[in-house]
Amino acid sequence: MIPAKRRTAVLISGRGSNLRALIEASETGADYPARIALVLSNKPEAEGLAIAREHGIETAVIESKGKERAAFDAEMHALLQSKGIELVCLAGFMRLLTPDFVQAWYGRMINIHPSLLPAFKGTQVHERVVAAGVRVTGCTVHFVSPEMDEGPIILQATVPVPPDATAESVAAAVLEQEHALYPQALKLLAEGKLVIEGQRVRLG
Ligand code: GAR
């Protein structure tokens, strides 16, 4: 019997190019083990919502602006549960989550970050990468933990930083790697192949 595809929600705040990569991977591979069942944005103007609609995927907006963090997270949690969501991917979701929410989804919620964590956490990553003069950067998919950009690392991809690199050129090169990496990581998660052992992830 073919196992059911895991019902996955993607949380976004903006452009949605990683969302698109996840949708395309889930639609093209008949054996891809996850299905994007819901796209949730904390901003009504997020461009990624249109990508979801183009693909006939249910969308929801829960505005975070002016809302208590705990109330916002509780509303999201209730919605995810009511839709039977099993896995959550943060894809450019620029909002800190409460420890309660993270705990409720621990081991089932992953994030993509545009650097080789634990280097360059936070925002303005590519500007800082160029200013620091590093020769290699990349992207990381990790489990979400209560501390920002700190959860157990699942997969990473590297990108060279040439001496004449700009924040824009690095961003473009990293983004291309992100689009390949995130679908691979979601596949591993949905197949139940990731075992968290403390801060480390074993590929089972
Ligand atoms: C991506 O580069 C992603 O790694 C980054 O935001 C961008 C979203 O682009 N996420 C973070 O910085 C999270 N800390 P997208 O909306 O086109 O996927």
# chains A, B, ... in the order shown; residues from 1 in each chain; ligands from 1

call {"tool": "select_by_dssp", "arguments": {"residues": "chain A", "states": "helix (DSSP H, G or I)", "output": "MDAnalysis selection string"}}
result
chainID A and resid 17:28 48:54 69:82 99:105 125:132 167:190

call {"tool": "select_by_dssp", "arguments": {"residues": "chain A", "states": "strand (DSSP E or B)", "output": "compact mmCIF listing (two decimals) with N, CA, C and O atoms, in the first residue's frame"}}
result
# COMPACT_ATOMS: atom_id res chain seq x y z
N ARG A 6 2.08 13.15 3.84
CA ARG A 6 1.92 13.91 5.09
C ARG A 6 1.38 15.30 4.79
O ARG A 6 1.93 16.02 3.93
N ARG A 7 0.35 15.67 5.52
CA ARG A 7 -0.27 16.99 5.31
C ARG A 7 0.62 18.08 5.90
O ARG A 7 0.85 18.11 7.11
N THR A 8 1.11 18.94 5.02
CA THR A 8 2.13 19.92 5.41
C THR A 8 1.60 21.34 5.23
O THR A 8 0.98 21.64 4.21
N ALA A 9 1.89 22.18 6.22
CA ALA A 9 1.57 23.61 6.09
C ALA A 9 2.87 24.36 5.87
O ALA A 9 3.90 24.03 6.47
N VAL A 10 2.83 25.37 5.01
CA VAL A 10 3.99 26.24 4.82
C VAL A 10 3.61 27.62 5.34
O VAL A 10 2.58 28.18 4.96
N LEU A 11 4.46 28.15 6.22
CA LEU A 11 4.22 29.47 6.82
C LEU A 11 5.13 30.48 6.14
O LEU A 11 6.35 30.27 6.05
N ILE A 12 4.54 31.55 5.65
CA ILE A 12 5.31 32.56 4.90
C ILE A 12 5.00 33.96 5.41
O ILE A 12 3.99 34.18 6.11
N ALA A 34 5.14 14.22 0.95
CA ALA A 34 4.40 15.30 1.61
C ALA A 34 3.53 16.03 0.61
O ALA A 34 3.85 16.11 -0.57
N ARG A 35 2.41 16.55 1.10
CA ARG A 35 1.52 17.35 0.25
C ARG A 35 1.33 18.69 0.95
O ARG A 35 1.08 18.72 2.17
N ILE A 36 1.46 19.78 0.20
CA ILE A 36 1.24 21.10 0.81
C ILE A 36 -0.27 21.31 0.88
O ILE A 36 -0.95 21.51 -0.13
N ALA A 37 -0.78 21.24 2.11
CA ALA A 37 -2.23 21.28 2.30
C ALA A 37 -2.71 22.67 2.71
O ALA A 37 -3.90 22.97 2.61
N LEU A 38 -1.78 23.50 3.18
CA LEU A 38 -2.18 24.83 3.66
C LEU A 38 -0.99 25.78 3.58
O LEU A 38 0.13 25.40 3.92
N VAL A 39 -1.25 27.00 3.12
CA VAL A 39 -0.23 28.05 3.17
C VAL A 39 -0.78 29.15 4.06
O VAL A 39 -1.87 29.69 3.81
N LEU A 40 -0.02 29.46 5.08
CA LEU A 40 -0.48 30.42 6.09
C LEU A 40 0.49 31.59 6.13
O LEU A 40 1.70 31.40 6.21
N SER A 41 -0.07 32.79 6.05
CA SER A 41 0.78 33.99 6.10
C SER A 41 0.37 34.86 7.27
O SER A 41 -0.82 34.95 7.60
N THR A 59 -5.33 28.73 1.39
CA THR A 59 -4.51 29.75 2.05
C THR A 59 -5.25 30.31 3.26
O THR A 59 -6.48 30.25 3.33
N ALA A 60 -4.48 30.85 4.18
CA ALA A 60 -5.07 31.52 5.34
C ALA A 60 -4.16 32.67 5.73
O ALA A 60 -2.93 32.60 5.56
N VAL A 61 -4.76 33.73 6.23
CA VAL A 61 -3.97 34.85 6.76
C VAL A 61 -4.39 35.06 8.20
O VAL A 61 -5.58 35.17 8.51
N LEU A 87 2.91 18.36 9.51
CA LEU A 87 4.26 18.92 9.43
C LEU A 87 4.16 20.40 9.06
O LEU A 87 3.23 20.81 8.34
N VAL A 88 5.14 21.18 9.54
CA VAL A 88 5.15 22.63 9.26
C VAL A 88 6.52 23.03 8.71
O VAL A 88 7.55 22.67 9.28
N CYS A 89 6.49 23.78 7.61
CA CYS A 89 7.73 24.35 7.05
C CYS A 89 7.65 25.87 7.16
O CYS A 89 6.70 26.47 6.64
N LEU A 90 8.63 26.47 7.79
CA LEU A 90 8.73 27.93 7.79
C LEU A 90 9.54 28.31 6.56
O LEU A 90 10.65 27.81 6.36
N MET A 109 8.45 20.59 12.86
CA MET A 109 8.49 21.93 12.25
C MET A 109 9.93 22.27 11.87
O MET A 109 10.83 22.19 12.72
N ILE A 110 10.13 22.64 10.60
CA ILE A 110 11.48 22.93 10.12
C ILE A 110 11.54 24.33 9.50
O ILE A 110 10.51 24.90 9.14
N ASN A 111 12.76 24.84 9.39
CA ASN A 111 12.96 26.20 8.87
C ASN A 111 14.15 26.19 7.91
O ASN A 111 15.05 25.36 8.05
N ILE A 112 14.11 27.11 6.96
CA ILE A 112 15.30 27.31 6.12
C ILE A 112 15.88 28.67 6.42
O ILE A 112 15.15 29.66 6.57
N HIS A 113 17.22 28.68 6.55
CA HIS A 113 17.92 29.93 6.86
C HIS A 113 19.04 30.11 5.84
O HIS A 113 19.75 29.16 5.52
N VAL A 136 33.13 31.07 1.89
CA VAL A 136 32.05 30.09 1.66
C VAL A 136 30.86 30.47 2.52
O VAL A 136 31.02 30.81 3.70
N THR A 137 29.67 30.42 1.92
CA THR A 137 28.45 30.56 2.71
C THR A 137 27.49 29.45 2.27
O THR A 137 27.95 28.44 1.73
N GLY A 138 26.21 29.62 2.49
CA GLY A 138 25.30 28.56 2.07
C GLY A 138 23.95 28.70 2.75
O GLY A 138 23.53 29.80 3.12
N CYS A 139 23.28 27.58 2.91
CA CYS A 139 21.97 27.60 3.55
C CYS A 139 21.81 26.35 4.41
O CYS A 139 22.53 25.36 4.24
N THR A 140 20.86 26.45 5.33
CA THR A 140 20.66 25.40 6.34
C THR A 140 19.18 25.13 6.51
O THR A 140 18.40 26.08 6.63
N VAL A 141 18.81 23.85 6.54
CA VAL A 141 17.46 23.50 7.00
C VAL A 141 17.61 22.83 8.36
O VAL A 141 18.45 21.94 8.53
N HIS A 142 16.83 23.33 9.32
CA HIS A 142 16.97 22.82 10.69
C HIS A 142 15.61 22.69 11.36
O HIS A 142 14.63 23.35 10.95
N PHE A 143 15.56 21.87 12.39
CA PHE A 143 14.36 21.81 13.22
C PHE A 143 14.24 23.14 13.97
O PHE A 143 15.25 23.74 14.34
N ILE A 153 20.42 20.68 13.12
CA ILE A 153 20.60 20.87 11.68
C ILE A 153 20.30 19.59 10.90
O ILE A 153 20.80 18.51 11.24
N ILE A 154 19.50 19.73 9.86
CA ILE A 154 19.11 18.58 9.03
C ILE A 154 20.02 18.48 7.80
O ILE A 154 20.64 17.46 7.56
N LEU A 155 20.05 19.54 7.00
CA LEU A 155 20.87 19.55 5.78
C LEU A 155 21.47 20.94 5.58
O LEU A 155 20.87 21.95 5.99
N GLN A 156 22.63 20.97 4.94
CA GLN A 156 23.24 22.25 4.56
C GLN A 156 23.79 22.13 3.14
O GLN A 156 24.16 21.03 2.71
N ALA A 157 23.83 23.26 2.45
CA ALA A 157 24.46 23.31 1.12
C ALA A 157 25.39 24.52 1.12
O ALA A 157 25.08 25.55 1.73
N THR A 158 26.51 24.39 0.45
CA THR A 158 27.48 25.48 0.44
C THR A 158 27.46 26.25 -0.88
O THR A 158 27.07 25.71 -1.92
N VAL A 159 27.91 27.49 -0.79
CA VAL A 159 27.99 28.38 -1.96
C VAL A 159 29.31 29.16 -1.82
O VAL A 159 29.55 29.77 -0.77
N PRO A 160 30.16 29.16 -2.86
CA PRO A 160 31.38 29.95 -2.76
C PRO A 160 31.09 31.45 -2.79
O PRO A 160 30.12 31.87 -3.43
N LEU A 194 14.36 11.21 9.93
CA LEU A 194 15.20 12.10 10.74
C LEU A 194 15.03 11.76 12.21
O LEU A 194 13.91 11.79 12.73
N VAL A 195 16.14 11.46 12.85
CA VAL A 195 16.10 11.14 14.28
C VAL A 195 16.88 12.21 15.03
O VAL A 195 18.08 12.40 14.79
N ILE A 196 16.19 12.93 15.93
CA ILE A 196 16.87 13.98 16.69
C ILE A 196 17.54 13.35 17.90
O ILE A 196 16.89 12.65 18.69
N GLU A 197 18.84 13.59 18.02
CA GLU A 197 19.58 13.12 19.19
C GLU A 197 20.27 14.33 19.79
O GLU A 197 21.36 14.71 19.36
N ARG A 200 21.92 17.01 17.56
CA ARG A 200 22.30 16.41 16.29
C ARG A 200 21.13 15.66 15.66
O ARG A 200 20.24 15.18 16.38
N VAL A 201 21.17 15.55 14.34
CA VAL A 201 20.13 14.81 13.63
C VAL A 201 20.79 13.63 12.92
O VAL A 201 21.75 13.81 12.17
N ARG A 202 20.28 12.44 13.19
CA ARG A 202 20.78 11.26 12.51
C ARG A 202 19.83 10.95 11.36
O ARG A 202 18.61 11.03 11.51
N LEU A 203 20.43 10.64 10.19
CA LEU A 203 19.59 10.28 9.06
C LEU A 203 19.38 8.77 9.13
O LEU A 203 20.29 7.99 8.89

call {"tool": "closest_residue", "arguments": {"among": "A:Glu75, A:Glu68, A:Asp100, A:Glu47", "to": "ligand 1", "atoms": "only C-alpha atoms and all ligand atoms"}}
result
A:Glu47

call {"tool": "atom_distance", "arguments": {"atom1": "atom CA of Pro99 of chain A", "atom2": "atom CA of Glu191 of chain A"}}
result
25.9 Å

call {"tool": "residues_near_ligand", "arguments": {"ligand": "ligand 1", "cutoff": "7 Å", "atoms": "only C-alpha atoms and all ligand atoms", "output": "ChimeraX atom specification"}}
result
/A:12-19,48,91-94,112-114,122-123,149,175,178

call {"tool": "closest_residue", "arguments": {"among": "A:Tyr182, A:Ala46, A:Gln199, A:Ala190", "to": "Ala25 of chain A", "atoms": "only C-alpha atoms"}}
result
A:Tyr182

call {"tool": "atom_distance", "arguments": {"atom1": "atom CA of Lys65 of chain A", "atom2": "atom CA of Val125 of chain A"}}
result
23.9 Å

call {"tool": "atom_distance", "arguments": {"atom1": "atom CA of Pro3 of chain A", "atom2": "atom CA of Asp31 of chain A"}}
result
9.3 Å

call {"tool": "closest_residue", "arguments": {"among": "A:Lys121, A:Lys187, A:Lys43, A:His179", "to": "Lys5 of chain A", "atoms": "only C-alpha atoms"}}
result
A:Lys187

call {"tool": "residues_around", "arguments": {"residues": "Ala70 of chain A", "least_positions_apart": "3", "cutoff": "9 Å", "atoms": "only C-alpha atoms", "output": "PyMOL selection string"}}
result
chain A and resi 67+73-75+97-98+100-101

call {"tool": "closest_residue", "arguments": {"among": "A:Ala185, A:Ala172, A:Val134, A:Ile23", "to": "Arg108 of chain A", "atoms": "only C-alpha atoms"}}
result
A:Ala185

call {"tool": "closest_residue", "arguments": {"among": "A:Ile62, A:Pro162, A:Glu147, A:Arg20", "to": "Ala180 of chain A", "atoms": "only C-alpha atoms"}}
result
A:Arg20
